[in-house]
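Visitor: Enclosed is the structure file protein_16.txt (compact mmCIF, C-alpha atoms).
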```txt
# COMPACT_ATOMS: atom_id res chain seq x y z
CA MET A 1 -12.14 11.70 30.38
CA THR A 2 -15.86 12.46 30.73
CA ARG A 3 -18.53 10.34 29.15
CA SER A 4 -19.65 13.21 26.93
CA ALA A 5 -16.10 13.74 25.66
CA ASP A 6 -15.78 10.03 24.89
CA THR A 7 -19.06 10.12 22.98
CA GLU A 8 -17.78 13.06 20.96
CA ILE A 9 -14.64 11.14 20.02
CA ARG A 10 -16.45 7.96 19.06
CA THR A 11 -19.13 9.76 17.03
CA PRO A 12 -17.27 11.64 14.29
CA ALA A 13 -18.80 14.68 12.64
CA PRO A 14 -20.57 14.22 9.28
CA GLU A 15 -17.76 16.17 7.59
CA LEU A 16 -15.23 13.69 8.92
CA ARG A 17 -17.28 10.68 7.86
CA ARG A 18 -17.61 12.08 4.35
CA ALA A 19 -13.85 12.67 4.25
CA ARG A 20 -13.27 9.06 5.30
CA SER A 21 -15.56 7.82 2.51
CA ALA A 22 -13.78 9.99 -0.08
CA VAL A 23 -10.33 8.73 0.94
CA SER A 24 -11.65 5.14 0.95
CA VAL A 25 -12.74 5.63 -2.67
CA LEU A 26 -9.15 6.58 -3.55
CA PHE A 27 -7.93 3.29 -2.07
CA VAL A 28 -10.61 1.31 -3.92
CA LEU A 29 -9.69 3.10 -7.15
CA ALA A 30 -5.97 2.39 -6.75
CA GLY A 31 -6.55 -1.28 -5.94
CA ALA A 32 -9.09 -1.85 -8.71
CA VAL A 33 -6.95 -0.22 -11.40
CA MET A 34 -3.85 -2.20 -10.45
CA GLY A 35 -5.78 -5.45 -9.94
CA GLY A 36 -7.48 -5.07 -13.33
CA TRP A 37 -4.16 -4.38 -15.04
CA ALA A 38 -2.43 -7.33 -13.36
CA GLY A 39 -5.22 -9.67 -14.46
CA ARG A 40 -4.76 -8.72 -18.12
CA ILE A 41 -0.95 -8.76 -18.25
CA PRO A 42 -0.88 -12.08 -20.19
CA SER A 43 -3.15 -10.58 -22.87
CA VAL A 44 -1.04 -7.44 -23.21
CA ARG A 45 2.20 -9.45 -23.33
CA ASP A 46 0.82 -11.74 -26.05
CA GLN A 47 -0.38 -8.69 -27.97
CA LEU A 48 3.18 -7.37 -28.02
CA GLY A 49 4.67 -10.77 -28.84
CA VAL A 50 7.53 -10.48 -26.34
CA SER A 51 9.22 -13.15 -24.23
CA ASN A 52 9.08 -13.34 -20.45
CA GLY A 53 12.58 -11.89 -20.24
CA GLU A 54 11.69 -8.97 -22.50
CA TRP A 55 8.51 -8.38 -20.53
CA GLY A 56 10.53 -8.24 -17.31
CA LEU A 57 12.64 -5.43 -18.77
CA ILE A 58 9.61 -3.54 -20.12
CA VAL A 59 7.82 -3.41 -16.76
CA LEU A 60 10.87 -1.89 -15.05
CA ALA A 61 9.60 1.42 -16.46
CA ALA A 62 6.82 1.57 -13.84
CA PRO A 63 9.00 1.48 -10.68
CA ILE A 64 11.38 3.98 -12.29
CA GLY A 65 8.43 6.33 -12.78
CA VAL A 66 7.32 5.76 -9.19
CA LEU A 67 10.76 6.66 -7.85
CA ALA A 68 10.96 9.85 -9.92
CA SER A 69 7.54 10.88 -8.68
CA LEU A 70 8.34 10.15 -5.03
CA LEU A 71 11.61 12.09 -5.13
CA VAL A 72 9.81 15.18 -6.40
CA LEU A 73 6.88 14.74 -4.00
CA SER A 74 9.12 14.53 -0.95
CA ARG A 75 10.35 18.05 -1.79
CA VAL A 76 7.06 19.76 -2.68
CA ILE A 77 4.20 17.99 -0.90
CA ASP A 78 4.56 20.16 2.20
CA TRP A 79 3.60 23.12 -0.02
CA THR A 80 1.05 21.49 -2.33
CA GLY A 81 -0.72 19.40 0.31
CA ALA A 82 -1.66 15.77 -0.38
CA ARG A 83 -5.00 16.41 -2.09
CA THR A 84 -3.67 17.90 -5.35
CA PRO A 85 -1.14 15.15 -6.18
CA SER A 86 -3.57 12.39 -5.16
CA VAL A 87 -6.26 13.73 -7.51
CA SER A 88 -3.72 14.07 -10.33
CA GLY A 89 -2.44 10.55 -9.72
CA ALA A 90 -5.94 9.05 -9.66
CA VAL A 91 -6.88 10.70 -12.95
CA GLY A 92 -3.58 9.63 -14.51
CA MET A 93 -4.06 5.98 -13.51
CA LEU A 94 -7.64 5.89 -14.81
CA VAL A 95 -6.53 7.25 -18.19
CA LEU A 96 -3.17 5.49 -18.64
CA VAL A 97 -4.09 1.86 -17.91
CA PRO A 98 -6.59 1.53 -20.82
CA ILE A 99 -4.13 3.32 -23.11
CA GLY A 100 -1.36 0.93 -22.09
CA ALA A 101 -3.58 -2.02 -22.99
CA LEU A 102 -3.77 -0.68 -26.56
CA ALA A 103 0.02 -0.67 -27.05
CA THR A 104 1.22 -2.69 -30.04
CA GLU A 105 4.91 -1.78 -29.78
CA PRO A 106 7.17 -2.31 -26.74
CA TRP A 107 8.42 1.28 -26.74
CA LEU A 108 4.83 2.57 -26.55
CA LEU A 109 4.12 0.44 -23.50
CA ILE A 110 7.40 1.52 -21.88
CA VAL A 111 6.39 5.18 -22.22
CA CYS A 112 2.93 4.42 -20.88
CA LEU A 113 4.25 2.41 -17.91
CA LEU A 114 6.72 5.17 -17.08
CA ALA A 115 3.82 7.64 -16.98
CA LEU A 116 1.73 5.15 -15.01
CA GLY A 117 4.54 4.87 -12.47
CA LEU A 118 4.57 8.66 -12.11
CA ALA A 119 0.81 8.58 -11.51
CA GLN A 120 1.16 5.77 -8.95
CA GLY A 121 3.74 7.77 -7.03
CA LEU A 122 1.45 10.81 -7.07
CA LEU A 123 -1.44 8.77 -5.66
CA PHE A 124 -0.13 6.10 -3.31
CA GLY A 125 1.90 8.20 -0.88
CA PRO A 126 -0.50 11.18 -0.74
CA MET A 127 -3.60 9.01 -0.26
CA ASN A 128 -1.88 7.45 2.78
CA ALA A 129 -1.17 10.95 4.08
CA LEU A 130 -4.86 11.78 3.67
CA ALA A 131 -5.73 8.57 5.54
CA VAL A 132 -3.48 9.65 8.42
CA GLU A 133 -5.17 13.06 8.43
CA VAL A 134 -8.65 11.50 8.68
CA GLU A 135 -7.42 9.08 11.35
CA ARG A 136 -6.30 12.03 13.47
CA GLY A 137 -9.82 13.41 13.36
CA TYR A 138 -11.20 10.09 14.59
CA ARG A 139 -8.61 9.94 17.40
CA ARG A 140 -8.37 6.17 17.05
CA SER A 141 -6.75 3.73 14.65
CA ILE A 142 -8.64 3.39 11.37
CA ILE A 143 -5.84 3.32 8.80
CA SER A 144 -5.92 -0.45 8.27
CA SER A 145 -9.53 -0.11 7.11
CA PHE A 146 -8.36 2.08 4.22
CA HIS A 147 -5.90 -0.61 3.16
CA PHE A 148 -8.72 -3.16 3.42
CA TRP A 149 -10.53 -1.14 0.76
CA TYR A 150 -7.40 -1.27 -1.40
CA SER A 151 -7.38 -5.08 -1.09
CA GLY A 152 -11.08 -5.15 -1.92
CA GLY A 153 -10.53 -3.00 -5.00
CA GLN A 154 -7.62 -5.18 -6.09
CA PHE A 155 -9.77 -8.30 -5.74
CA LEU A 156 -12.61 -6.66 -7.67
CA GLY A 157 -10.29 -5.54 -10.46
CA GLY A 158 -8.83 -9.02 -10.79
CA LEU A 159 -12.30 -10.58 -10.78
CA LEU A 160 -13.43 -8.27 -13.57
CA GLY A 161 -10.35 -9.32 -15.52
CA VAL A 162 -11.29 -12.98 -15.13
CA ALA A 163 -14.86 -12.29 -16.29
CA ALA A 164 -13.70 -10.20 -19.25
CA GLY A 165 -11.26 -12.91 -20.28
CA MET A 166 -13.97 -15.57 -20.18
CA LEU A 167 -16.24 -13.35 -22.30
CA GLN A 168 -13.31 -12.66 -24.65
CA PHE A 169 -13.43 -8.90 -24.17
CA SER A 170 -10.23 -7.12 -25.10
CA ALA A 171 -8.03 -5.86 -22.28
CA ALA A 172 -8.44 -2.27 -23.47
CA LEU A 173 -12.25 -2.51 -23.49
CA GLN A 174 -12.40 -4.07 -20.04
CA LEU A 175 -9.98 -1.57 -18.48
CA ALA A 176 -11.71 1.40 -20.14
CA ALA A 177 -15.10 0.28 -18.81
CA SER A 178 -13.64 -0.19 -15.33
CA SER A 179 -12.03 3.26 -15.46
CA LEU A 180 -15.33 4.90 -16.41
CA LEU A 181 -17.13 3.26 -13.47
CA LEU A 182 -14.35 4.19 -11.06
CA ALA A 183 -14.22 7.74 -12.44
CA ALA A 184 -17.95 8.16 -11.76
CA LEU A 185 -17.50 7.01 -8.15
CA PHE A 186 -14.46 9.26 -7.77
CA LEU A 187 -16.30 12.34 -9.05
CA VAL A 188 -19.21 11.78 -6.65
CA THR A 189 -16.89 11.87 -3.62
CA LEU A 190 -14.25 14.31 -4.89
CA ARG A 191 -15.69 17.38 -3.15
CA PHE A 192 -15.40 15.64 0.22
CA LEU A 193 -11.72 14.78 -0.21
CA PRO A 194 -9.70 16.46 2.58
CA ASP A 195 -6.19 17.89 2.44
CA THR A 196 -3.15 17.94 4.66
CA GLN A 197 -1.90 21.16 6.24
CA ARG A 198 0.33 23.14 3.92
CA ALA A 199 3.49 25.05 4.77
CA GLY A 200 2.70 28.60 5.80
CA SER A 201 -0.90 27.77 6.71
CA ASP A 202 -2.10 27.89 10.31
CA ALA A 203 -5.56 26.48 9.58
CA SER A 204 -6.46 22.88 10.28
CA VAL A 205 -7.94 21.09 7.29
CA LEU A 206 -10.11 18.78 9.42
CA PRO A 207 -11.76 19.23 12.79
CA ASP A 208 -9.41 18.68 15.74
CA SER A 209 -6.30 18.20 13.60
CA PRO A 210 -3.20 18.62 15.78
CA GLU A 211 -1.21 21.82 15.63
CA ALA A 212 1.81 21.45 13.42
CA ALA A 213 5.27 21.53 15.00
CA PRO A 214 8.03 23.64 13.46
CA PRO A 215 8.91 21.80 10.24
CA ARG A 216 12.27 20.34 9.44
CA SER A 217 13.90 20.65 6.03
CA GLY A 218 16.51 18.95 3.89
CA LEU A 219 18.35 15.94 5.30
CA ARG A 220 17.15 16.80 8.81
CA THR A 221 13.71 15.59 7.74
CA TRP A 222 15.04 12.02 7.92
CA THR A 223 14.80 11.60 11.69
CA PRO A 224 16.02 8.33 13.28
CA GLN A 225 12.40 7.27 13.80
CA LEU A 226 11.53 7.87 10.14
CA LEU A 227 14.56 5.86 9.04
CA LEU A 228 13.46 3.07 11.37
CA LEU A 229 9.89 3.10 10.07
CA ALA A 230 11.12 3.20 6.46
CA GLY A 231 13.23 0.11 7.19
CA ILE A 232 10.22 -1.71 8.61
CA ALA A 233 8.14 -0.77 5.55
CA LEU A 234 10.97 -1.90 3.25
CA LEU A 235 11.25 -5.32 4.89
CA THR A 236 7.48 -5.81 4.84
CA SER A 237 7.34 -4.92 1.16
CA VAL A 238 10.11 -7.45 0.44
CA ASN A 239 7.91 -10.08 2.08
CA GLU A 240 4.78 -8.99 0.22
CA GLY A 241 6.58 -9.00 -3.12
CA GLY A 242 8.07 -12.40 -2.38
CA ALA A 243 4.65 -13.83 -1.58
CA VAL A 244 3.00 -12.44 -4.70
CA GLN A 245 5.77 -13.55 -7.04
CA TRP A 246 6.77 -16.90 -5.55
CA SER A 247 4.01 -18.42 -3.35
CA ALA A 248 2.14 -20.12 -6.21
CA LEU A 249 5.33 -21.38 -7.81
CA TYR A 250 6.52 -22.80 -4.48
CA SER A 251 3.37 -24.90 -4.06
CA VAL A 252 3.67 -26.12 -7.65
CA GLU A 253 7.29 -27.16 -7.04
CA LEU A 254 6.10 -29.16 -4.04
CA GLY A 255 3.82 -31.12 -6.37
CA GLY A 256 0.60 -29.28 -5.71
CA GLY A 257 -0.32 -28.52 -9.30
CA VAL A 258 -1.40 -25.24 -10.84
CA ALA A 259 -4.75 -25.08 -8.99
CA LEU A 260 -3.16 -25.47 -5.56
CA GLY A 261 -0.49 -22.99 -6.56
CA SER A 262 -3.17 -20.40 -7.32
CA LEU A 263 -4.94 -21.31 -4.07
CA THR A 264 -1.76 -20.50 -2.13
CA LEU A 265 -1.77 -16.96 -3.48
CA VAL A 266 -5.51 -16.69 -2.82
CA CYS A 267 -4.99 -17.76 0.81
CA TYR A 268 -2.32 -15.12 1.21
CA SER A 269 -4.48 -12.38 -0.37
CA LEU A 270 -7.58 -13.22 1.66
CA ALA A 271 -5.52 -13.34 4.86
CA ILE A 272 -4.21 -9.82 4.18
CA ALA A 273 -7.75 -8.55 3.65
CA ALA A 274 -8.97 -10.23 6.85
CA ALA A 275 -6.07 -8.78 8.85
CA ARG A 276 -6.83 -5.29 7.57
CA LEU A 277 -10.50 -5.70 8.47
CA VAL A 278 -9.76 -6.26 12.16
CA GLY A 279 -6.29 -4.74 12.51
CA ASP A 280 -7.43 -1.36 13.83
CA ARG A 281 -9.25 -2.95 16.77
CA VAL A 282 -6.18 -4.98 17.71
CA VAL A 283 -3.97 -1.89 17.51
CA GLU A 284 -6.33 -0.04 19.85
CA SER A 285 -6.06 -2.92 22.34
CA ILE A 286 -2.30 -3.51 22.47
CA GLY A 287 -0.63 -0.41 21.00
CA ARG A 288 1.30 0.03 17.76
CA ARG A 289 4.74 -1.13 18.87
CA ARG A 290 3.45 -4.41 20.24
CA PHE A 291 1.19 -4.81 17.24
CA LEU A 292 4.17 -4.54 14.87
CA GLN A 293 6.05 -7.18 16.86
CA LEU A 294 3.05 -9.51 17.11
CA SER A 295 2.35 -9.23 13.39
CA ALA A 296 5.95 -10.00 12.43
CA ALA A 297 6.04 -12.91 14.91
CA ILE A 298 2.99 -14.49 13.23
CA SER A 299 4.85 -14.30 9.91
CA VAL A 300 8.03 -15.83 11.36
CA LEU A 301 6.30 -18.73 13.09
CA GLY A 302 3.68 -19.41 10.43
CA LEU A 303 5.82 -19.31 7.32
CA GLY A 304 8.89 -20.67 9.13
CA ILE A 305 7.07 -23.81 10.23
CA GLY A 306 5.40 -24.06 6.83
CA LEU A 307 8.76 -24.06 5.06
CA LEU A 308 10.20 -26.59 7.49
CA THR A 309 7.39 -29.05 6.74
CA GLY A 310 8.06 -28.85 3.00
CA THR A 311 4.45 -29.76 2.17
CA VAL A 312 1.69 -28.11 0.15
CA ALA A 313 -0.48 -27.90 3.28
CA GLY A 314 2.41 -26.17 5.05
CA ALA A 315 2.72 -23.72 2.17
CA LEU A 316 -0.99 -22.89 2.26
CA ILE A 317 -0.98 -22.29 6.00
CA GLY A 318 2.41 -20.58 5.99
CA PHE A 319 1.52 -17.99 3.36
CA ALA A 320 -1.85 -17.40 5.01
CA CYS A 321 0.05 -16.62 8.23
CA LEU A 322 2.35 -14.33 6.26
CA GLY A 323 -0.73 -12.48 4.98
CA VAL A 324 -2.10 -12.07 8.50
CA GLY A 325 1.29 -10.89 9.75
CA SER A 326 2.10 -8.53 6.89
CA GLY A 327 -1.29 -6.99 6.17
CA CYS A 328 -1.23 -4.12 8.67
CA ILE A 329 2.47 -3.40 9.19
CA VAL A 330 2.86 -0.77 6.46
CA PRO A 331 -0.38 1.03 7.41
CA THR A 332 0.79 1.13 11.03
CA ALA A 333 4.19 2.47 9.97
CA MET A 334 2.42 5.17 7.93
CA THR A 335 0.42 6.29 10.96
CA LEU A 336 3.51 6.40 13.15
CA ALA A 337 5.38 8.39 10.48
CA GLY A 338 2.52 10.81 9.96
CA ASN A 339 2.53 11.71 13.65
CA GLN A 340 6.25 12.40 14.04
CA PRO A 341 6.93 15.75 15.77
CA GLY A 342 8.51 18.42 13.61
CA VAL A 343 7.81 16.70 10.27
CA PRO A 344 4.67 17.49 8.22
CA SER A 345 2.56 14.34 7.88
CA ALA A 346 2.47 14.41 4.07
CA THR A 347 6.26 14.76 3.88
CA ALA A 348 6.81 11.96 6.40
CA VAL A 349 4.54 9.55 4.53
CA ALA A 350 6.26 10.44 1.24
CA LEU A 351 9.63 9.61 2.80
CA ILE A 352 8.34 6.23 4.02
CA SER A 353 7.17 5.52 0.46
CA ILE A 354 10.68 6.29 -0.83
CA GLY A 355 12.10 3.90 1.75
CA GLN A 356 9.67 1.21 0.59
CA TRP A 357 10.43 1.59 -3.09
CA PRO A 358 13.59 -0.56 -3.46
CA ALA A 359 11.69 -3.62 -2.20
CA PHE A 360 9.41 -3.65 -5.25
CA LEU A 361 12.39 -3.52 -7.59
CA LEU A 362 14.87 -5.77 -5.77
CA GLY A 363 12.88 -8.11 -3.51
CA PRO A 364 11.57 -10.70 -6.00
CA PRO A 365 14.82 -10.83 -8.04
CA ILE A 366 16.88 -11.45 -4.86
CA ILE A 367 14.67 -14.39 -3.93
CA GLY A 368 14.86 -15.63 -7.52
CA GLY A 369 18.66 -15.47 -7.55
CA LEU A 370 18.90 -17.36 -4.26
CA ALA A 371 16.43 -19.92 -5.60
CA GLU A 372 18.77 -20.59 -8.52
CA LEU A 373 21.61 -21.30 -6.09
CA PHE A 374 19.89 -23.05 -3.18
CA GLY A 375 16.36 -23.86 -4.28
CA LEU A 376 13.14 -21.90 -3.77
CA ARG A 377 12.37 -23.41 -0.36
CA ALA A 378 15.68 -22.15 1.05
CA ALA A 379 15.38 -18.82 -0.76
CA LEU A 380 12.03 -18.09 0.89
CA ALA A 381 13.87 -18.06 4.22
CA VAL A 382 14.65 -14.45 3.25
CA VAL A 383 11.00 -13.66 4.00
CA VAL A 384 11.23 -15.29 7.44
CA LEU A 385 14.46 -13.43 8.23
CA SER A 386 12.95 -10.12 7.11
CA ALA A 387 9.99 -10.65 9.44
CA ALA A 388 12.36 -11.52 12.29
CA ALA A 389 14.28 -8.29 11.65
CA ILE A 390 10.99 -6.35 11.92
CA ILE A 391 10.48 -7.77 15.43
CA VAL A 392 13.87 -6.38 16.44
CA LEU A 393 13.42 -3.00 14.75
CA ALA A 394 9.92 -2.53 16.18
CA SER A 395 11.31 -2.65 19.71
CA PHE A 396 12.90 0.76 19.02
CA VAL A 397 9.69 2.36 17.74
CA ARG A 398 8.42 5.25 19.83
CA GLU A 399 4.67 5.75 19.86
CA ARG A 400 3.31 9.26 19.86
CA THR A 401 -0.31 9.69 20.90
CA VAL A 402 -2.10 12.71 19.44
CA ALA A 403 -3.47 14.71 22.31
CA VAL A 404 -7.23 15.05 22.57
CA ALA A 405 -8.36 18.62 22.40
CA GLY A 406 -9.92 19.84 25.58
```
In structure tokens, write the structure found in this file.
Guide:
Amino acid sequence: MTRSADTEIRTPAPELRRARSAVSVLFVLAGAVMGGWAGRIPSVRDQLGVSNGEWGLIVLAAPIGVLASLLVLSRVIDWTGARTPSVSGAVGMLVLVPIGALATEPWLLIVCLLALGLAQGLLFGPMNALAVEVERGYRRSIISSFHFWYSGGQFLGGLLGVAAGMLQFSAALQLAASSLLLAALFLVTLRFLPDTQRAGSDASVLPDSPEAAPPRSGLRTWTPQLLLLAGIALLTSVNEGGAVQWSALYSVELGGGVALGSLTLVCYSLAIAAARLVGDRVVESIGRRRFLQLSAAISVLGLGIGLLTGTVAGALIGFACLGVGSGCIVPTAMTLAGNQPGVPSATAVALISIGQWPAFLLGPPIIGGLAELFGLRAALAVVVLSAAAIIVLASFVRERTVAVAG
């Protein structure tokens, strides 16, 4: 490759940089909305006057909405492109979260969470497809940086929730103010938001996008590689859900107290953000298959040793290692899926999202059920075993490098 060609690759066109910024805003928006909502869940639950058990049933409406949305998207996104559903999902999330915070009856919140789940499904998969599209234009790995912005938005949303709680602002007021700020940022960058190639269109939506292969349809869309990547995403999401739901409680059970329990979750969250900040550079150095295996190995060794020690210090270090190991696996799987021959990128990413979905519904309850039988320390071995399975599955991953246009 000539020096001039390399310079062209490493210096993306202004159009491509603006597209990257616009897609990054989508990730910030998604993270901030969900982080802000999560931070005010106790206020909303108290407002409804429901028990923890009743709350657990109410929030099942969101993943049901996500699944319904993903099933429809997997059928139509090849024709609509990823831009239209992502814009619809972003607007829906901005509007629905403040409305949900106003609910005074459980059935009202169930309806709102069902709609919110539909909006999440419309946004999360398509925005990853847009990230893959922009990454193709850059001709190098950048997808982990988008997920870093999601983590940053989630942290910002949670921080605003803490501040609003201290100032005794209502959840609805805080979430409405956040939505207005995010909507302004979204509108500024909306015109730069790219799209994926649609069925029947021969034009590339970004400079140097690869030529589409003949598309598959129906069940043939689920290629062996897509099934493999969906399995890896599923196992990673089981681990992420287990960490979010059980890491703090595990440290408390070890005698660490509430503060150290919260610190365990903070260590995990910061480790994920740090991994996503540098993950693209590591991928460029060692390749995606090896990166998947290395990431999962860090999770196995770090959390495995942490659980064996049975100490608070071991928990802090172990969940930090899990964050480092888990942070970039799903983004990497999305990139690999989006570059599968014969499957449109938006469709492939939507299918990976469907494969991920059961983890959010089943992962934490499975660990909880095992904890009832064998104790939480033994139950968290599920996370270690899931990471070990990723090492094995990743050995069958086939990398496909997008050819550089001559």
Visitor: With only C-alpha atoms as the counted atoms, please give the residues lying no more than 9 Å from A:Ala337, apart from itself and same-chain residues fewer than 4 positions off, as a PDB file with C-alpha atoms, keeping the file's coordinate frame.
Guide:
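Saved as part_11.pdb:
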```
ATOM      1  CA  GLN A 225      12.400   7.270  13.800  1.00  0.00           C
ATOM      2  CA  LEU A 226      11.530   7.870  10.140  1.00  0.00           C
ATOM      3  CA  LEU A 229       9.890   3.100  10.070  1.00  0.00           C
ATOM      4  CA  ALA A 230      11.120   3.200   6.460  1.00  0.00           C
ATOM      5  CA  THR A 332       0.790   1.130  11.030  1.00  0.00           C
ATOM      6  CA  ALA A 333       4.190   2.470   9.970  1.00  0.00           C
ATOM      7  CA  VAL A 343       7.810  16.700  10.270  1.00  0.00           C
ATOM      8  CA  SER A 345       2.560  14.340   7.880  1.00  0.00           C
ATOM      9  CA  ALA A 348       6.810  11.960   6.400  1.00  0.00           C
ATOM     10  CA  VAL A 349       4.540   9.550   4.530  1.00  0.00           C
ATOM     11  CA  LEU A 351       9.630   9.610   2.800  1.00  0.00           C
ATOM     12  CA  ILE A 352       8.340   6.230   4.020  1.00  0.00           C
TER      13      ILE A 352
END
```
Visitor: Which one of A:Leu187, A:Leu316, A:Leu370, A:Leu48 sits closest to A:Ala248 if you count all atoms listed in the file?
Guide: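 Closest to A:Ala248, using all atoms listed in the file: A:Leu316.
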Visitor: Which residues of stretch 52-72 of chain A sit at most 10 Å from stretch 354-363 of chain A, using all atoms listed in the file? Give each one's shortest atom pair and distance in Å (one decimal place), in chain and ascending residue order, as JSON lines.
Guide:
```
{"residue": "A:Leu60", "atom": "CA", "partner": "A:Leu361", "partner_atom": "CA", "distance": 7.8}
{"residue": "A:Ala62", "atom": "CA", "partner": "A:Leu361", "partner_atom": "CA", "distance": 9.8}
{"residue": "A:Pro63", "atom": "CA", "partner": "A:Leu361", "partner_atom": "CA", "distance": 6.8}
{"residue": "A:Ile64", "atom": "CA", "partner": "A:Leu361", "partner_atom": "CA", "distance": 8.9}
{"residue": "A:Val66", "atom": "CA", "partner": "A:Trp357", "partner_atom": "CA", "distance": 8.0}
{"residue": "A:Leu67", "atom": "CA", "partner": "A:Trp357", "partner_atom": "CA", "distance": 7.0}
{"residue": "A:Ala68", "atom": "CA", "partner": "A:Ile354", "partner_atom": "CA", "distance": 9.8}
{"residue": "A:Ser69", "atom": "CA", "partner": "A:Ile354", "partner_atom": "CA", "distance": 9.6}
{"residue": "A:Leu70", "atom": "CA", "partner": "A:Ile354", "partner_atom": "CA", "distance": 6.2}
{"residue": "A:Leu71", "atom": "CA", "partner": "A:Ile354", "partner_atom": "CA", "distance": 7.3}
```
Visitor: To one decimal in Å, tell me the separation between atom CA of A:Thr264 and atom CA of A:Arg276.
Guide: 18.7 Å
Visitor: With distances taken over all atoms listed in the file, which residue among A:Thr196, A:Thr223, A:Ser141, A:Thr236 lies nearest A:Ser299?
Guide: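 Of A:Thr196, A:Thr223, A:Ser141, A:Thr236, the one nearest A:Ser299 is A:Thr236, counting all atoms listed in the file.
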Visitor: Would you list the contacts of A:Ala164 as JSON, numbers by chain, taking every protein, DNA or RNA residue within 12 Å and counting all atoms listed in the file, but skipping same-chain residues closer than 4 positions in sequence?
Guide: {"A": [36, 37, 39, 40, 43, 157, 158, 159, 160, 168, 169, 170, 171, 172, 173, 174, 175, 176, 177, 178]}
Visitor: For a quick check of understanding, using all atoms listed in the file, which of A:Pro85, A:Gly117, A:Gly287, A:Gly368 has the smallest distance to A:Val59?
Guide: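 So, comparing all the options, the nearest one is A:Gly117.
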